[in-house]
Amino acid sequence: MEPHTHTFGQLFAQLGLASDAEAIETFIAQHAPLAADQSLADAPCWTPAQAAFLREGLHSDADWAELIDELNLRLHARAAAKSR
């Protein structure tokens with residue numbers, strides 16, 4: 001059985017968000033940086049259902065886990081850059 005391959009846009013669509021490249025960059029710009037000690041799923045920008053999807057995707061190492069990790073890094077990246 002081959003693993004499913006998803007795109008970053010598909011992750012945003014799964015979360016019920018606009019999924020074109022411009023919308024994704026706008027979302028990240030609006031919500032980054034997350035505090036270094038704040039988990040992605042606990043960010044205030046998510047609905048309870050979105051937060052649950054993110055937690056479950058990471059916890060179960062689901063098909064989405066790699067993209068959720070990428071989103072986590074991108075939303076925390078600006079905080080890391082500011083602390084240097």
# chains A, B, ... in the order shown; residues from 1 in each chain; ligands from 1

$ closest_atom_pairs --of "segment 42-76 of chain A" --to "segment 9-15 of chain A" --cutoff "8 Å" --atoms "only C-alpha atoms" --output "JSON lines"
{"residue": "A:Gln50", "atom": "CA", "partner": "A:Leu15", "partner_atom": "CA", "distance": 5.8}
{"residue": "A:Phe53", "atom": "CA", "partner": "A:Leu15", "partner_atom": "CA", "distance": 7.8}
{"residue": "A:Trp64", "atom": "CA", "partner": "A:Leu11", "partner_atom": "CA", "distance": 7.2}
{"residue": "A:Leu67", "atom": "CA", "partner": "A:Leu11", "partner_atom": "CA", "distance": 7.1}
{"residue": "A:Ile68", "atom": "CA", "partner": "A:Leu11", "partner_atom": "CA", "distance": 7.8}

$ write_last_selection --atoms "C-alpha atoms" --output "compact mmCIF listing (two decimals), in the first residue's frame"
# COMPACT_ATOMS: atom_id res chain seq x y z
CA GLN A 50 -9.41 22.39 13.17
CA PHE A 53 -7.63 17.63 13.27
CA TRP A 64 -1.08 14.82 7.04
CA LEU A 67 2.43 18.93 6.21
CA ILE A 68 1.21 19.77 9.71

$ select_by_dssp --residues "chain A" --states "helix (DSSP H, G or I)" --output "number ranges by chain"
A: 8-14, 21-31, 40-42, 48-59, 65-82

$ write_last_selection --atoms "N, CA and C atoms" --output "compact mmCIF listing (two decimals), in the first residue's frame"
# COMPACT_ATOMS: atom_id res chain seq x y z
N PHE A 8 0.34 21.13 0.43
CA PHE A 8 0.06 22.14 1.46
C PHE A 8 -1.32 22.75 1.21
N GLY A 9 -1.65 22.98 -0.04
CA GLY A 9 -2.97 23.50 -0.38
C GLY A 9 -4.08 22.57 0.05
N GLN A 10 -3.87 21.28 -0.10
CA GLN A 10 -4.88 20.30 0.33
C GLN A 10 -5.04 20.30 1.85
N LEU A 11 -3.95 20.53 2.57
CA LEU A 11 -4.05 20.65 4.03
C LEU A 11 -4.96 21.82 4.39
N PHE A 12 -4.75 22.96 3.75
CA PHE A 12 -5.58 24.13 4.04
C PHE A 12 -7.03 23.86 3.66
N ALA A 13 -7.25 23.20 2.55
CA ALA A 13 -8.62 22.85 2.15
C ALA A 13 -9.25 21.91 3.18
N GLN A 14 -8.49 20.95 3.68
CA GLN A 14 -8.98 20.01 4.69
C GLN A 14 -9.36 20.76 5.96
N ALA A 21 -2.16 29.56 -3.16
CA ALA A 21 -0.86 29.97 -2.61
C ALA A 21 -0.93 31.34 -1.93
N GLU A 22 -1.62 32.29 -2.55
CA GLU A 22 -1.71 33.64 -1.97
C GLU A 22 -2.46 33.61 -0.64
N ALA A 23 -3.55 32.87 -0.57
CA ALA A 23 -4.33 32.78 0.68
C ALA A 23 -3.52 32.12 1.78
N ILE A 24 -2.75 31.11 1.43
CA ILE A 24 -1.91 30.42 2.42
C ILE A 24 -0.87 31.38 2.98
N GLU A 25 -0.19 32.12 2.10
CA GLU A 25 0.82 33.08 2.56
C GLU A 25 0.20 34.18 3.40
N THR A 26 -1.00 34.62 3.03
CA THR A 26 -1.70 35.64 3.82
C THR A 26 -2.04 35.11 5.20
N PHE A 27 -2.55 33.88 5.27
CA PHE A 27 -2.89 33.27 6.55
C PHE A 27 -1.65 33.20 7.45
N ILE A 28 -0.56 32.74 6.90
CA ILE A 28 0.67 32.61 7.69
C ILE A 28 1.16 33.99 8.15
N ALA A 29 1.11 34.97 7.28
CA ALA A 29 1.53 36.32 7.65
C ALA A 29 0.65 36.90 8.76
N GLN A 30 -0.65 36.60 8.72
CA GLN A 30 -1.58 37.13 9.72
C GLN A 30 -1.44 36.45 11.08
N HIS A 31 -1.04 35.18 11.09
CA HIS A 31 -1.06 34.43 12.34
C HIS A 31 0.32 34.11 12.90
N LEU A 40 1.06 24.26 17.96
CA LEU A 40 0.30 24.65 16.78
C LEU A 40 -1.19 24.52 17.03
N ALA A 41 -1.62 23.39 17.55
CA ALA A 41 -3.05 23.14 17.73
C ALA A 41 -3.69 24.06 18.77
N ASP A 42 -2.89 24.64 19.66
CA ASP A 42 -3.42 25.54 20.68
C ASP A 42 -3.45 27.00 20.24
N PRO A 48 -12.30 24.70 17.17
CA PRO A 48 -12.07 23.43 17.88
C PRO A 48 -11.90 22.24 16.94
N ALA A 49 -12.65 22.19 15.87
CA ALA A 49 -12.53 21.08 14.92
C ALA A 49 -11.18 21.10 14.20
N GLN A 50 -10.71 22.28 13.82
CA GLN A 50 -9.41 22.39 13.17
C GLN A 50 -8.30 21.97 14.13
N ALA A 51 -8.38 22.43 15.37
CA ALA A 51 -7.37 22.09 16.37
C ALA A 51 -7.35 20.57 16.60
N ALA A 52 -8.52 19.96 16.66
CA ALA A 52 -8.59 18.51 16.85
C ALA A 52 -7.96 17.78 15.67
N PHE A 53 -8.21 18.24 14.46
CA PHE A 53 -7.63 17.63 13.27
C PHE A 53 -6.10 17.71 13.32
N LEU A 54 -5.57 18.87 13.69
CA LEU A 54 -4.12 19.05 13.76
C LEU A 54 -3.51 18.15 14.84
N ARG A 55 -4.14 18.10 16.01
CA ARG A 55 -3.64 17.24 17.08
C ARG A 55 -3.65 15.77 16.66
N GLU A 56 -4.77 15.34 16.10
CA GLU A 56 -4.89 13.93 15.70
C GLU A 56 -3.92 13.60 14.57
N GLY A 57 -3.76 14.53 13.64
CA GLY A 57 -2.84 14.30 12.53
C GLY A 57 -1.42 14.09 12.99
N LEU A 58 -1.01 14.83 14.00
CA LEU A 58 0.34 14.66 14.55
C LEU A 58 0.43 13.45 15.45
N HIS A 59 -0.56 13.28 16.30
CA HIS A 59 -0.54 12.20 17.28
C HIS A 59 -0.54 10.83 16.60
N ALA A 65 0.68 14.39 8.68
CA ALA A 65 1.65 14.78 9.71
C ALA A 65 2.80 15.63 9.17
N GLU A 66 3.35 15.25 8.05
CA GLU A 66 4.48 15.99 7.50
C GLU A 66 4.08 17.43 7.14
N LEU A 67 2.90 17.59 6.57
CA LEU A 67 2.43 18.93 6.21
C LEU A 67 2.06 19.74 7.45
N ILE A 68 1.51 19.08 8.47
CA ILE A 68 1.21 19.77 9.71
C ILE A 68 2.51 20.24 10.36
N ASP A 69 3.55 19.41 10.31
CA ASP A 69 4.87 19.83 10.81
C ASP A 69 5.38 21.05 10.05
N GLU A 70 5.21 21.04 8.74
CA GLU A 70 5.64 22.19 7.93
C GLU A 70 4.88 23.45 8.32
N LEU A 71 3.57 23.32 8.49
CA LEU A 71 2.77 24.47 8.92
C LEU A 71 3.24 24.97 10.28
N ASN A 72 3.50 24.06 11.19
CA ASN A 72 4.01 24.41 12.51
C ASN A 72 5.32 25.20 12.39
N LEU A 73 6.22 24.71 11.58
CA LEU A 73 7.50 25.41 11.39
C LEU A 73 7.30 26.80 10.80
N ARG A 74 6.44 26.89 9.82
CA ARG A 74 6.22 28.19 9.17
C ARG A 74 5.57 29.19 10.11
N LEU A 75 4.65 28.74 10.95
CA LEU A 75 4.00 29.65 11.88
C LEU A 75 4.90 30.02 13.06
N HIS A 76 5.89 29.20 13.35
CA HIS A 76 6.84 29.51 14.42
C HIS A 76 8.11 30.17 13.89
N ALA A 77 8.38 30.09 12.61
CA ALA A 77 9.65 30.55 12.04
C ALA A 77 9.95 32.01 12.32
N ARG A 78 8.97 32.83 12.23
CA ARG A 78 9.22 34.26 12.45
C ARG A 78 9.62 34.53 13.89
N ALA A 79 9.05 33.77 14.82
CA ALA A 79 9.44 33.93 16.23
C ALA A 79 10.88 33.53 16.42
N ALA A 80 11.30 32.45 15.76
CA ALA A 80 12.68 32.00 15.87
C ALA A 80 13.63 33.03 15.28
N ALA A 81 13.25 33.61 14.16
CA ALA A 81 14.10 34.61 13.51
C ALA A 81 14.22 35.86 14.37
N LYS A 82 13.13 36.24 15.04
CA LYS A 82 13.17 37.44 15.90
C LYS A 82 14.01 37.23 17.14

$ atom_distance --atom1 "atom CA of Pro33 of chain A" --atom2 "atom CA of Gly16 of chain A"
21.1 Å

$ atom_distance --atom1 "atom CA of Thr5 of chain A" --atom2 "atom CA of Asp63 of chain A"
7.2 Å

$ atom_distance --atom1 "atom CA of Ala18 of chain A" --atom2 "atom CA of Thr47 of chain A"
14.7 Å
